[in-house]
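Chemist: The structure follows.
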2 protein chains.
Amino acid sequence: MKTILKNATLLSECGFEGRPVQVTVENKRIQSITEGAVEEKGAEVIDCGGNLLIPAFYNAHCHAAMTLFRGYGEDLPLHRWLNEKIFPAEELLTARSVHVATKWAIAEMLRRGIASFSDMYMFEDSVAEAVLETGIKANLARSLVSFDPNLDPATDSRLAEAIALADRYHLANDGALKVDFSLHAEYTNLPHYCEYVGRYAKEHGLLMQLHLSETEEEHLACIERHGKTPSAFFADLGVFDTPTSAAHCVWLSDEDIAILAEKGVTAVHNPVSNLKLGSGVMKLRKLLDAGVNVALGTDGVASNNRLDVLREMQTAAILHKGISRDPACLVANELLPLATENGAKAQGRLDCGKIMIGARADLTLIDRFAIHNLPTYDDHAMLAYSAESADVRLTMVDGRILYRNGEYTSIDEERLRFESREVFAHYFE
Amino acid sequence: MKTILKNATLLSECGFEGRPVQVTVENKRIQSITEGAVEEKGAEVIDCGGNLLIPAFYNAHCHAAMTLFRGYGEDLPLHRWLNEKIFPAEELLTARSVHVATKWAIAEMLRRGIASFSDMYMFEDSVAEAVLETGIKANLARSLVSFDPNLDPATDSRLAEAIALADRYHLANDGALKVDFSLHAEYTNLPHYCEYVGRYAKEHGLLMQLHLSETEEEHLACIERHGKTPSAFFADLGVFDTPTSAAHCVWLSDEDIAILAEKGVTAVHNPVSNLKLGSGVMKLRKLLDAGVNVALGTDGVASNNRLDVLREMQTAAILHKGISRDPACLVANELLPLATENGAKAQGRLDCGKIMIGARADLTLIDRFAIHNLPTYDDHAMLAYSAESADVRLTMVDGRILYRNGEYTSIDEERLRFESREVFAHYFE
């Protein structure tokens, strides 16, 4: 199956300086990019109408099934929100509700031009099935915790679940679905368990996802407990010897930033969730200057309340200028890589996240002619400051169009709405 | 002309607890709200399909014609941005370009559910004509500056222009168009001029718009220059004795906040612009606690880059939680009044900004069933955290539908696109 995206505008770094191009996609990959005409026979031809074709967004940290809890228990202090609302609600989760809620999340992400997400949650088999049914990409991880010093990792049922998940789904759908490991966080785990899981992941070539220094309390408690920061804790236990994505990274010290840079750990910035939960503001400029790979994530919907990577990018764009009181502290064209190729890198997908010949075709088409996007002097500025995810006209994942002009190709929206209504109602009505 | 908005959901404070209602609008005002059936004969009937009907948004601070400069000169330090980009570009403005660029801004605002805006700029006659043609509401002000100590306000041509604007347009279109006065800011004006203009406005019953303590530099320079803050400067000159909207208010001291509260000055919060320009973060919680009327504004598009009051509200919602590190510091249902009735109050429109019988019918319909808005446990949380302005289905101003489902009733979008293309190209291509 060959698809031609004709009359597309690419960003300036692609070298066509605003002149319309034809992008040909075949066997999941970008086969050619040309200003000239291409043979259309036998191909599906999409006229992009001069709109902006960009690499699709990557959501490098989320808990997809938390769509169930959108708007539930708002505006509470963090511990009350978790203990009185979220944890009790999560006790009621089932494989079925996680499956439906994840499909709901995927439907939202595809509309917003997101081609892939990293997930840390439970019932990940249900998540995996939703991913395979819809054709989106994902790195899925069963979240691991350990509180009992006598717990033998070799006999831990959660770890067994994580291993079974990897055995069953890792590299399914031609690698679109990957299974990662996940140590939930330092404050929910014991050293011997972290060491074991880190070693296991490394030996099996699996990536690691974890939460790192999200709140000041958590960061300081770790220093109190272990005499070192969470970053040093994980580094010393060898966890960072497997490629790791660390969500939040709000309270990192300069030494922590150096550790992440040295170990090649991705810091996943979740600005909306960090603001909404009152956690604080990541030192984005410092991390970038230190050479850390920074990607963007939405976190769960319960603390956001959207799965919208473009919004995360735009929030980052203005937030760090405002906090540093320097409007030049971030430049528009620095932002898109955070939302695209850096996320792909975090997921170990080195052939994704860029528009170039040979790359996997994860593409998003943005309406450049919406009233709020004109005039346009610079497409990077349009993406950073004026566009919105409702401007997404098409989302392609591995060469397959999954969303176009309000319609899904792999999701029966009416059925999903019917099933979701039932599931949502079961929880809170 | 009678319009019935049937099957609408109202916010909980309206007393119907989610049950669908019929809202009847006649003679520009809300005539009835009922759960029962209403006589539809001779009326225009709109089925709201259970969607959320809210008061329309008020944009309490903007420079509408700056749509011309969207995306122009991004990511520069403030003084370079102004001196190298914006001021030279503004030198090229004409009555025609301001007229077209303002209509473009109005088209964007109507799509986003905005019924009224406060404007401070030049060529305000052209702005006024655009307002009258489109039927939107606005409070327009010719921005006044004074640098020459020998300037006699009585013979100042800019002030003469402002007075002529008021004579010609104040209370046009049955009060939908109002003319305010505007002292641009403390740092662009001299005391004797401010005193004169303030007195003139008070004597003629006109409101005042100004910029106040937007940057720390400006705030400190005023203290250096006059031995007092900008708030004390204007208060002491009697300017605040006329009802005033003060944009930005980022650097107010506690004493300044007390002055605003005592004088009934509206503080217009422009969180996106303040972040993007690196100006800092207004102390919103303190202002609210002091009883100051706080409204929301977008500022000009050049520093935003959208005219999107809902986005300002949502940015405020998360920003102040994040900065204070207290997720309970603002509660979802505190936010909508900033975007609606407080803006109406700032414009001296006391019969606007609320859904109640007898109020002017400025209404916006929000899609409650978008995937990203479900599930919904609380409509205020939906507005504060998940909805987006692309969810606006209808915008009504003074009982007249100006926008519905992508179509304008008072703007010829194709003609506007044609005219704008010409104007945009003239400036920067």
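Within each chain, counting starts at residue 1; across the structure tokens, chains are named A, B, ... in the order shown, with ligands numbered 1 upward in that order.
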Please check the contacts: residues of chain B at most 7 Å away from chain A, using only C-alpha atoms, listed as a PyMOL selection string.

Modeler: chain B and resi 68+70-72+75-78+108+272+274-280+304-306+318-319+321-328+331+371-372+375-378+381-382+385-386+390+424

Chemist: Apply DSSP to the backbone of this structure and, from stretch 200-359 of chain B, keep only the residues in helix (DSSP H, G or I); write these as a VMD selection string.

Modeler: chain B and resid 200 to 203 216 to 226 230 to 236 239 to 241 254 to 263 271 to 276 284 to 289 301 to 303 309 to 324 332 to 339 341 to 346

Chemist: So which one's closest to A:Leu151, A:His248, A:His192, A:Arg311, A:Lys137? Using only C-alpha atoms, please.

Modeler: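 Nearest candidate to A:Leu151 out of A:His248, A:His192, A:Arg311, A:Lys137: A:His192.
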
Chemist: Which residues are near B:Ile357? Cut-off 12 Å, only C-alpha atoms, ignore same chain within fewer than 6 positions. Put them as a ChimeraX atom specification.

Modeler: /B:14,23-26,28-34,351

Chemist: If you run DSSP on the backbone here, which positions in stretch 155-316 of chain B get strand (DSSP E)? Please write them as a list in words.

Modeler: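 Taking stretch 155-316 of chain B and keeping strand (DSSP E) only, one gets Leu177, Lys178, Val179, Phe181, Ser182, Leu183, His184, Ala185, Met208, Gln209, Leu210, His211, Leu212, Thr244, Ser245, Ala246, Ala247, His248, Thr266, Ala267, Val268, His269, Val294, Ala295 and Leu296 of chain B.
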
Chemist: Could you check the closest approach to A:Glu224 for each of A:Met120, A:Leu159, A:Tyr187, A:Met208 and tell me which residue wins, using only C-alpha atoms?

Modeler: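 Looking at the shortest contact to A:Glu224, the residue is A:Tyr187.
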
Chemist: Between A:Arg404, A:Lys2, A:Lys41, A:Arg80, which has the minimum distance to A:Ala361 (counting only C-alpha atoms)?

Modeler: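 Of A:Arg404, A:Lys2, A:Lys41, A:Arg80, the one nearest A:Ala361, counting only C-alpha atoms, is A:Lys2.
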
Chemist: To one decimal place, how far is atom CA of A:Met1 from atom CA of A:Asp362 in Å?

Modeler: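 Value for the atom CA of A:Met1-atom CA of A:Asp362 distance: 15.5 Å.
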
Chemist: Using Å and a single decimal, report how far atom CA of B:Leu183 sits from atom CA of B:Glu217.

Modeler: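 Separation between atom CA of B:Glu217 and atom CA of B:Leu183: 18.8 Å.
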
Chemist: Skip A:Tyr403 itself and residues of its chain fewer than 6 positions away, then list as a ChimeraX atom specification all residues within 9 Å of it, counting only C-alpha atoms.

Modeler: /A:107,110-111,113,393-396,409-410

Chemist: Rounded to one decimal, what separation in Å do you get between atom CA of A:His99 and atom CA of A:Tyr121?

Modeler: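 That distance, rounded to one decimal, is 11.8 Å.
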
Chemist: Tell me, as a ChimeraX atom specification, which residues lie within 10 Å of stretch 239-244 of chain B, counting only C-alpha atoms; anything in the same chain fewer than 5 positions away does not count.

Modeler: /B:180-183,194-210,231-234,259-260,262-267,345-348

Chemist: With distances taken over only C-alpha atoms, which of A:Thr229, A:Asn333, A:Ser126, A:Ser116 is nearest to A:Val98?

Modeler: A:Ser126
